[in-house]
>>> print(open('protein_29.txt').read())   # compact mmCIF, C-alpha atoms
# COMPACT_ATOMS: atom_id res chain seq x y z
CA MET A 18 -19.25 -54.46 27.96
CA VAL A 19 -20.06 -51.28 29.88
CA LEU A 20 -18.01 -49.20 27.45
CA MET A 21 -19.79 -50.75 24.47
CA TYR A 22 -23.20 -50.04 25.98
CA SER A 23 -22.18 -46.47 26.74
CA GLY A 24 -21.01 -46.02 23.15
CA LEU A 25 -24.30 -47.29 21.78
CA GLN A 26 -26.21 -44.86 23.98
CA GLU A 27 -24.17 -41.98 22.64
CA GLN A 28 -24.77 -43.04 19.03
CA HIS A 29 -28.49 -43.32 19.77
CA ARG A 30 -28.60 -39.80 21.23
CA THR A 31 -26.67 -38.46 18.25
CA LEU A 32 -28.95 -40.13 15.70
CA LYS A 33 -32.04 -39.01 17.59
CA GLN A 34 -30.81 -35.40 17.58
CA GLU A 35 -30.06 -35.61 13.85
CA VAL A 36 -33.59 -36.87 13.22
CA VAL A 37 -35.06 -34.04 15.30
CA ASP A 38 -32.88 -31.47 13.52
CA ASN A 39 -33.83 -32.85 10.10
CA GLN A 40 -37.52 -32.83 11.02
CA ARG A 41 -37.28 -29.23 12.19
CA ASP A 42 -35.49 -28.28 8.97
CA CYS A 43 -38.17 -30.01 6.89
CA ASN A 44 -40.93 -28.24 8.82
CA ASP A 45 -39.25 -24.88 8.25
CA LYS A 46 -38.89 -25.55 4.52
CA PHE A 47 -42.50 -26.71 4.28
CA ALA A 48 -43.69 -23.55 6.04
CA VAL A 49 -41.75 -21.41 3.56
CA LEU A 50 -43.19 -23.31 0.59
CA ASP A 51 -46.72 -23.08 2.01
CA LYS A 52 -46.39 -19.32 2.43
CA LYS A 53 -45.14 -18.94 -1.15
CA TYR A 54 -48.05 -21.06 -2.41
CA GLN A 55 -50.57 -18.88 -0.58
CA GLN A 56 -48.96 -15.76 -2.02
CA LEU A 57 -49.11 -17.21 -5.55
CA GLU A 58 -52.74 -18.25 -5.05
CA GLN A 59 -53.72 -14.74 -3.92
CA ARG A 60 -51.91 -13.22 -6.89
CA PHE A 61 -53.66 -15.59 -9.29
CA LEU A 62 -57.07 -14.71 -7.86
CA SER A 63 -56.25 -11.02 -8.13
CA LEU A 64 -55.22 -11.39 -11.78
CA GLU A 65 -58.33 -13.45 -12.50
CA GLN A 66 -60.53 -10.68 -11.13
CA GLN A 67 -58.71 -8.08 -13.22
CA HIS A 68 -59.06 -10.09 -16.42
CA ASN A 69 -62.73 -11.04 -16.67
CA SER A 70 -64.07 -13.03 -19.57
CA PRO A 71 -65.34 -11.06 -22.61
CA GLN A 72 -68.92 -11.92 -21.61
CA GLU A 73 -68.41 -10.62 -18.07
CA GLU A 74 -66.87 -7.41 -19.38
CA ALA A 75 -69.77 -7.00 -21.83
CA ASN A 76 -72.28 -7.49 -19.02
CA GLN A 77 -70.47 -4.93 -16.87
CA GLN A 78 -70.51 -2.38 -19.71
CA LYS A 79 -74.19 -3.08 -20.34
CA ALA A 80 -75.00 -2.52 -16.67
CA ILE A 81 -73.15 0.81 -16.76
CA ILE A 82 -75.09 1.94 -19.86
CA VAL A 83 -78.43 0.94 -18.33
CA ALA A 84 -77.60 2.80 -15.11
CA ASP A 85 -76.61 5.93 -17.07
CA ASN A 86 -79.82 5.81 -19.13
CA TRP A 87 -81.88 5.42 -15.96
CA LYS A 88 -80.41 8.63 -14.52
CA GLY A 89 -81.82 10.63 -17.44
CA PHE A 90 -85.17 8.84 -17.63
CA ASP A 91 -88.28 10.93 -16.90
CA SER A 92 -91.20 8.81 -15.69
CA LEU A 93 -93.86 8.96 -12.98
CA ILE A 94 -94.61 5.25 -13.43
CA ILE A 95 -91.22 3.59 -13.87
CA ASP A 96 -89.95 5.35 -10.78
CA ASN A 97 -87.05 3.18 -9.66
CA TYR A 98 -84.06 1.41 -11.17
CA THR A 99 -85.52 -2.08 -10.68
CA LYS A 100 -88.55 -1.24 -12.83
CA TYR A 101 -86.39 0.48 -15.44
CA ASN A 102 -84.08 -2.52 -15.62
CA LYS A 103 -87.15 -4.71 -16.17
CA ILE A 104 -88.24 -2.53 -19.10
CA ASN A 105 -84.72 -2.79 -20.48
CA SER A 106 -84.88 -6.59 -20.22
CA PHE A 107 -88.17 -6.60 -22.16
CA PHE A 108 -86.51 -4.79 -25.06
CA ALA A 109 -83.63 -7.26 -24.92
CA GLN A 110 -86.14 -10.11 -25.25
CA ALA A 111 -87.56 -8.40 -28.32
CA GLY A 112 -84.08 -8.15 -29.83
CA ARG A 113 -83.82 -4.39 -29.45
CA LEU A 114 -81.23 -2.26 -27.69
CA LEU A 115 -82.84 0.37 -25.48
CA THR A 116 -80.69 3.48 -25.83
CA GLN A 117 -83.19 6.22 -25.04
CA LEU A 118 -86.78 6.88 -24.04
CA HIS A 119 -88.08 10.29 -25.11
CA LEU A 120 -91.34 11.33 -23.45
CA LEU A 121 -94.05 12.21 -25.99
CA TYR A 122 -97.22 12.19 -23.92
CA ARG A 123 -98.23 12.04 -20.25
CA GLY A 124 -101.85 11.91 -19.18
CA SER A 125 -101.49 13.96 -15.99
CA ALA A 126 -99.70 16.72 -17.90
CA ASP A 127 -101.43 16.67 -21.30
CA THR A 128 -104.91 15.48 -20.15
CA PHE A 129 -106.28 11.98 -20.60
CA ALA A 130 -108.34 12.92 -23.65
CA ALA A 131 -107.83 10.67 -26.68
CA SER A 132 -107.34 13.80 -28.80
CA ALA A 133 -104.38 14.85 -26.62
CA PHE A 134 -102.75 11.44 -27.09
CA HIS A 135 -103.18 11.57 -30.85
CA SER A 136 -101.94 15.15 -31.16
CA LYS A 137 -98.69 14.13 -29.43
CA CYS A 138 -98.15 10.66 -30.90
CA ASP A 139 -99.80 10.29 -34.31
CA THR A 140 -96.68 11.20 -36.30
CA GLN A 141 -94.29 9.15 -34.17
CA THR A 142 -93.06 5.59 -34.72
CA ASN A 143 -91.36 3.10 -32.38
CA THR A 144 -93.34 4.03 -29.28
CA LEU A 145 -93.63 2.44 -25.84
CA THR A 146 -96.91 2.92 -23.98
CA ILE A 147 -96.78 2.55 -20.19
CA VAL A 148 -99.99 2.45 -18.13
CA LYS A 149 -100.49 2.47 -14.37
CA THR A 150 -103.94 1.51 -13.11
CA THR A 151 -105.61 2.81 -9.96
CA ASP A 152 -105.02 -0.70 -8.58
CA GLY A 153 -101.27 -0.22 -8.98
CA LYS A 154 -100.75 -2.54 -11.94
CA ILE A 155 -98.16 -1.48 -14.55
CA ILE A 156 -98.73 -2.71 -18.10
CA GLY A 157 -98.09 -1.49 -21.62
CA GLY A 158 -96.91 -2.26 -25.11
CA PHE A 159 -94.53 -1.44 -27.93
CA THR A 160 -95.19 -0.89 -31.62
CA THR A 161 -93.02 0.23 -34.51
CA LEU A 162 -96.03 1.89 -36.17
CA SER A 163 -97.50 5.37 -35.81
CA TRP A 164 -100.85 5.96 -34.12
CA ASP A 165 -102.37 8.04 -36.93
CA HIS A 166 -105.83 6.76 -37.81
CA THR A 167 -105.53 6.63 -41.60
CA ALA A 168 -105.94 2.87 -41.23
CA ASP A 169 -107.69 1.77 -38.04
CA VAL A 170 -106.30 -1.77 -37.71
CA LYS A 171 -102.59 -2.17 -38.41
CA SER A 172 -100.21 -5.12 -38.65
CA ASP A 173 -96.85 -5.11 -36.88
CA THR A 174 -94.74 -8.27 -36.53
CA GLU A 175 -92.54 -6.55 -33.93
CA ALA A 176 -95.28 -5.44 -31.54
CA TRP A 177 -95.43 -6.79 -27.99
CA LEU A 178 -97.10 -6.22 -24.63
CA PHE A 179 -95.79 -6.39 -21.08
CA ASN A 180 -96.81 -6.64 -17.46
CA ILE A 181 -94.07 -5.38 -15.12
CA GLU A 182 -94.73 -8.38 -12.85
CA ALA A 183 -94.26 -10.94 -15.64
CA PRO A 184 -90.79 -12.24 -16.55
CA ILE A 185 -91.39 -12.22 -20.31
CA ILE A 186 -93.06 -10.09 -22.96
CA PHE A 187 -96.20 -11.16 -24.82
CA LYS A 188 -95.51 -11.04 -28.54
CA ILE A 189 -97.97 -10.50 -31.35
CA LYS A 190 -99.24 -13.71 -32.93
CA GLN A 191 -97.51 -15.00 -36.04
CA GLY A 192 -98.09 -12.73 -39.01
CA GLY A 193 -98.47 -9.61 -36.87
CA ARG A 194 -102.12 -9.01 -37.81
CA ASN A 195 -104.29 -6.69 -35.70
CA ALA A 196 -101.32 -5.47 -33.67
CA ILE A 197 -102.77 -2.02 -32.95
CA TYR A 198 -106.08 -0.22 -33.42
CA ALA A 199 -105.53 3.45 -34.26
CA ASN A 200 -108.80 5.32 -33.83
CA SER A 201 -109.26 9.00 -32.92
CA ALA A 202 -111.98 8.13 -30.39
CA TYR A 203 -109.56 6.04 -28.30
CA GLY A 204 -106.14 6.29 -26.78
CA PRO A 205 -103.60 3.55 -27.59
CA VAL A 206 -105.23 0.20 -28.33
CA PHE A 207 -103.31 -3.04 -28.88
CA GLY A 208 -105.06 -5.99 -30.50
CA ILE A 209 -108.47 -6.22 -32.08
CA GLY A 210 -110.00 -7.96 -29.01
CA HIS A 211 -108.78 -5.74 -27.35
CA ASP A 212 -105.62 -6.98 -25.62
CA LEU A 213 -105.06 -3.51 -24.17
CA CYS A 214 -107.61 -0.76 -24.68
CA ILE A 215 -107.29 2.80 -23.35
CA CYS A 216 -110.45 4.86 -23.68
CA ASP A 217 -111.06 8.58 -24.01
CA ASN A 218 -110.70 10.26 -20.58
CA ALA A 219 -109.26 7.01 -19.26
CA ASN A 220 -108.75 8.36 -15.73
CA GLN A 221 -112.49 8.96 -15.29
CA ARG A 222 -113.87 5.71 -16.67
CA ARG A 223 -113.59 2.07 -15.69
CA GLU A 224 -114.02 1.07 -19.33
CA ASN A 225 -110.37 0.55 -20.16
CA GLY A 226 -109.73 -3.15 -20.51
CA VAL A 227 -107.50 -6.14 -21.16
CA SER A 228 -108.71 -9.22 -23.02
CA GLY A 229 -106.69 -11.86 -24.85
CA SER A 230 -107.04 -11.78 -28.62
CA SER A 231 -104.09 -10.89 -30.85
CA TYR A 232 -101.11 -11.59 -28.59
CA VAL A 233 -99.59 -14.81 -27.21
CA TYR A 234 -99.85 -15.39 -23.45
CA ASP A 235 -98.51 -18.01 -21.05
CA VAL A 236 -100.35 -21.27 -20.45
CA GLY A 237 -103.24 -20.67 -18.08
CA VAL A 238 -103.27 -16.93 -18.78
CA SER A 239 -105.52 -15.16 -21.28
CA ASN A 240 -104.97 -11.46 -20.64
CA LEU A 241 -102.36 -8.88 -19.72
CA PHE A 242 -103.33 -8.96 -16.04
CA LEU A 243 -102.20 -12.62 -16.01
CA THR A 244 -105.76 -13.79 -15.34
CA GLN A 245 -108.69 -15.01 -17.45
CA GLY A 246 -111.32 -13.27 -19.53
CA THR A 247 -111.87 -9.54 -19.84
CA VAL A 248 -110.89 -7.20 -16.99
CA PHE A 249 -111.77 -3.50 -16.82
CA PHE A 250 -109.82 -0.82 -14.96
CA THR A 251 -109.33 2.93 -14.45
CA VAL A 252 -106.09 4.62 -15.46
CA GLU A 253 -104.07 6.51 -12.84
CA GLU A 254 -101.29 7.54 -15.23
CA ILE A 255 -100.28 6.89 -18.82
CA GLU A 256 -97.01 7.75 -20.58
CA VAL A 257 -95.92 7.24 -24.17
CA TYR A 258 -92.26 7.32 -25.15
CA GLN A 259 -90.44 7.26 -28.44
CA VAL A 260 -87.71 4.63 -28.36
>>> encode(input="protein_29.txt", output="structure tokens")
Amino acid sequence: MVLMYSGLQEQHRTLKQEVVDNQRDCNDKFAVLDKKYQQLEQRFLSLEQQHNSPQEEANQQKAIIVADNWKGFDSLIIDNYTKYNKINSFFAQAGRLLTQLHLLYRGSADTFAASAFHSKCDTQTNTLTIVKTTDGKIIGGFTTLSWDHTADVKSDTEAWLFNIEAPIIFKIKQGGRNAIYANSAYGPVFGIGHDLCICDNANQRRENGVSGSSYVYDVGVSNLFLTQGTVFFTVEEIEVYQV
């Protein structure tokens, strides 16, 4: 009986050791597999980063182009990349690719006289007007038409206005009527109301104004300052670019 019990104890110890050894072997194999899985996962993530989707690659290329254009942009109003990127987004909303902005006229350099504006811009098309008020507001507009005053009121279905603080552009009403008012006695004027009116010697007079008329604004807003009614202001700087 004693010998039988002793034999059973030995078998138990042997089986227990085999179980321990097998468990250790399984743990070692699992650790190896887990390490290989982590390596494969890291490699997959690396490959995924290298092979972006076509849309991501397009966005990256677009960002590079915008950054390059900003480096060569000459403006005293749009004086940082954030503002420039906002202008670029406005053109994208209008369905246009902004590839260049060539300065035609600057008030502080060419004088704020209406005659100076017209001498620089009357023969040019596709122009962007940017205005900074003495209150620090930045507004403006785009038109495909020239500013020559052979016809005072002109239609342009592609005209639009902007406020740098607004997320979207304000497009001309359907039909494009009364988009701009080209008159030698004034600087650039958008809308017949006028939605944006720049007077002669605009830096000396608080008679420049915004008033909703020919362009479409957000609900609860009736002018380019994102308020109601007519608002007058003095110009600190004005720039006109050919796009």
>>> residues_around(input="protein_29.txt", residues="region 162-171 of chain A", least_positions_apart="3", cutoff="8 Å", atoms="only C-alpha atoms", output="VMD selection string")
chain A and resid 135 138 to 144 194 to 201 205 209
>>> write_last_selection(input="protein_29.txt", atoms="C-alpha atoms", output="compact mmCIF listing (two decimals), keeping the file's coordinate frame")
# COMPACT_ATOMS: atom_id res chain seq x y z
CA HIS A 135 -103.18 11.57 -30.85
CA CYS A 138 -98.15 10.66 -30.90
CA ASP A 139 -99.80 10.29 -34.31
CA THR A 140 -96.68 11.20 -36.30
CA GLN A 141 -94.29 9.15 -34.17
CA THR A 142 -93.06 5.59 -34.72
CA ASN A 143 -91.36 3.10 -32.38
CA THR A 144 -93.34 4.03 -29.28
CA ARG A 194 -102.12 -9.01 -37.81
CA ASN A 195 -104.29 -6.69 -35.70
CA ALA A 196 -101.32 -5.47 -33.67
CA ILE A 197 -102.77 -2.02 -32.95
CA TYR A 198 -106.08 -0.22 -33.42
CA ALA A 199 -105.53 3.45 -34.26
CA ASN A 200 -108.80 5.32 -33.83
CA SER A 201 -109.26 9.00 -32.92
CA PRO A 205 -103.60 3.55 -27.59
CA ILE A 209 -108.47 -6.22 -32.08
>>> atom_distance(input="protein_29.txt", atom1="CA of Ile186 (chain A)", atom2="CA of Lys149 (chain A)")
16.9 Å
>>> residues_near_point(input="protein_29.txt", point="(-107.5, -11.6, -20.5)", cutoff="12 Å", atoms="all atoms listed in the file", output="list of chain:residue names")
A:Gly208, A:Gly210, A:His211, A:Asp212, A:Leu213, A:Cys214, A:Gly226, A:Val227, A:Ser228, A:Gly229, A:Ser230, A:Ser231, A:Tyr232, A:Val233, A:Tyr234, A:Asp235, A:Gly237, A:Val238, A:Ser239, A:Asn240, A:Leu241, A:Phe242, A:Leu243, A:Thr244, A:Gln245, A:Gly246, A:Thr247, A:Val248, A:Phe249
>>> write_last_selection(input="protein_29.txt", atoms="C-alpha atoms", output="JSON list (two decimals), in the coordinates of the input")
[["chain", "number", "residue", "atom", "x", "y", "z"],
["A", 208, "GLY", "CA", -105.06, -5.99, -30.50],
["A", 210, "GLY", "CA", -110.00, -7.96, -29.01],
["A", 211, "HIS", "CA", -108.78, -5.74, -27.35],
["A", 212, "ASP", "CA", -105.62, -6.98, -25.62],
["A", 213, "LEU", "CA", -105.06, -3.51, -24.17],
["A", 214, "CYS", "CA", -107.61, -0.76, -24.68],
["A", 226, "GLY", "CA", -109.73, -3.15, -20.51],
["A", 227, "VAL", "CA", -107.50, -6.14, -21.16],
["A", 228, "SER", "CA", -108.71, -9.22, -23.02],
["A", 229, "GLY", "CA", -106.69, -11.86, -24.85],
["A", 230, "SER", "CA", -107.04, -11.78, -28.62],
["A", 231, "SER", "CA", -104.09, -10.89, -30.85],
["A", 232, "TYR", "CA", -101.11, -11.59, -28.59],
["A", 233, "VAL", "CA", -99.59, -14.81, -27.21],
["A", 234, "TYR", "CA", -99.85, -15.39, -23.45],
["A", 235, "ASP", "CA", -98.51, -18.01, -21.05],
["A", 237, "GLY", "CA", -103.24, -20.67, -18.08],
["A", 238, "VAL", "CA", -103.27, -16.93, -18.78],
["A", 239, "SER", "CA", -105.52, -15.16, -21.28],
["A", 240, "ASN", "CA", -104.97, -11.46, -20.64],
["A", 241, "LEU", "CA", -102.36, -8.88, -19.72],
["A", 242, "PHE", "CA", -103.33, -8.96, -16.04],
["A", 243, "LEU", "CA", -102.20, -12.62, -16.01],
["A", 244, "THR", "CA", -105.76, -13.79, -15.34],
["A", 245, "GLN", "CA", -108.69, -15.01, -17.45],
["A", 246, "GLY", "CA", -111.32, -13.27, -19.53],
["A", 247, "THR", "CA", -111.87, -9.54, -19.84],
["A", 248, "VAL", "CA", -110.89, -7.20, -16.99],
["A", 249, "PHE", "CA", -111.77, -3.50, -16.82]]
>>> atom_distance(input="protein_29.txt", atom1="CA of Gly204 (chain A)", atom2="CA of Ser92 (chain A)")
18.8 Å
>>> atom_distance(input="protein_29.txt", atom1="CA of Tyr122 (chain A)", atom2="CA of Lys190 (chain A)")
27.5 Å
>>> closest_residue(input="protein_29.txt", among="A:Phe134, A:Phe187, A:Trp177, A:Phe129", to="Arg222 (chain A)", atoms="all atoms listed in the file")
A:Phe129
>>> closest_residue(input="protein_29.txt", among="A:Lys154, A:His119, A:Arg30, A:Lys52", to="Ile181 (chain A)", atoms="all atoms listed in the file")
A:Lys154
>>> closest_residue(input="protein_29.txt", among="A:Ala219, A:Ile155, A:Ala131, A:Leu121", to="Ile104 (chain A)", atoms="all atoms listed in the file")
A:Ile155
>>> closest_residue(input="protein_29.txt", among="A:Gln110, A:Asn102, A:Ser136, A:Thr151", to="Asn225 (chain A)", atoms="all atoms listed in the file")
A:Thr151
>>> closest_residue(input="protein_29.txt", among="A:Tyr98, A:Phe207, A:Trp87, A:Phe159", to="Thr146 (chain A)", atoms="all atoms listed in the file")
A:Phe159
>>> residues_near_point(input="protein_29.txt", point="(-88.5, 9.4, -17.3)", cutoff="12 Å", atoms="only C-alpha atoms", output="PDB file with C-alpha atoms, keeping the file's coordinate frame")
ATOM      1  CA  ASN A  86     -79.820   5.810 -19.130  1.00  0.00           C
ATOM      2  CA  TRP A  87     -81.880   5.420 -15.960  1.00  0.00           C
ATOM      3  CA  LYS A  88     -80.410   8.630 -14.520  1.00  0.00           C
ATOM      4  CA  GLY A  89     -81.820  10.630 -17.440  1.00  0.00           C
ATOM      5  CA  PHE A  90     -85.170   8.840 -17.630  1.00  0.00           C
ATOM      6  CA  ASP A  91     -88.280  10.930 -16.900  1.00  0.00           C
ATOM      7  CA  SER A  92     -91.200   8.810 -15.690  1.00  0.00           C
ATOM      8  CA  LEU A  93     -93.860   8.960 -12.980  1.00  0.00           C
ATOM      9  CA  ILE A  94     -94.610   5.250 -13.430  1.00  0.00           C
ATOM     10  CA  ILE A  95     -91.220   3.590 -13.870  1.00  0.00           C
ATOM     11  CA  ASP A  96     -89.950   5.350 -10.780  1.00  0.00           C
ATOM     12  CA  ASN A  97     -87.050   3.180  -9.660  1.00  0.00           C
ATOM     13  CA  TYR A  98     -84.060   1.410 -11.170  1.00  0.00           C
ATOM     14  CA  LYS A 100     -88.550  -1.240 -12.830  1.00  0.00           C
ATOM     15  CA  TYR A 101     -86.390   0.480 -15.440  1.00  0.00           C
ATOM     16  CA  GLN A 117     -83.190   6.220 -25.040  1.00  0.00           C
ATOM     17  CA  LEU A 118     -86.780   6.880 -24.040  1.00  0.00           C
ATOM     18  CA  HIS A 119     -88.080  10.290 -25.110  1.00  0.00           C
ATOM     19  CA  LEU A 120     -91.340  11.330 -23.450  1.00  0.00           C
ATOM     20  CA  LEU A 121     -94.050  12.210 -25.990  1.00  0.00           C
ATOM     21  CA  TYR A 122     -97.220  12.190 -23.920  1.00  0.00           C
ATOM     22  CA  ARG A 123     -98.230  12.040 -20.250  1.00  0.00           C
ATOM     23  CA  ILE A 147     -96.780   2.550 -20.190  1.00  0.00           C
ATOM     24  CA  GLU A 256     -97.010   7.750 -20.580  1.00  0.00           C
ATOM     25  CA  VAL A 257     -95.920   7.240 -24.170  1.00  0.00           C
ATOM     26  CA  TYR A 258     -92.260   7.320 -25.150  1.00  0.00           C
ATOM     27  CA  GLN A 259     -90.440   7.260 -28.440  1.00  0.00           C
TER      28      GLN A 259
END
>>> closest_residue(input="protein_29.txt", among="A:Asp127, A:Thr99, A:Ala133, A:Val260", to="Leu114 (chain A)", atoms="only C-alpha atoms")
A:Val260
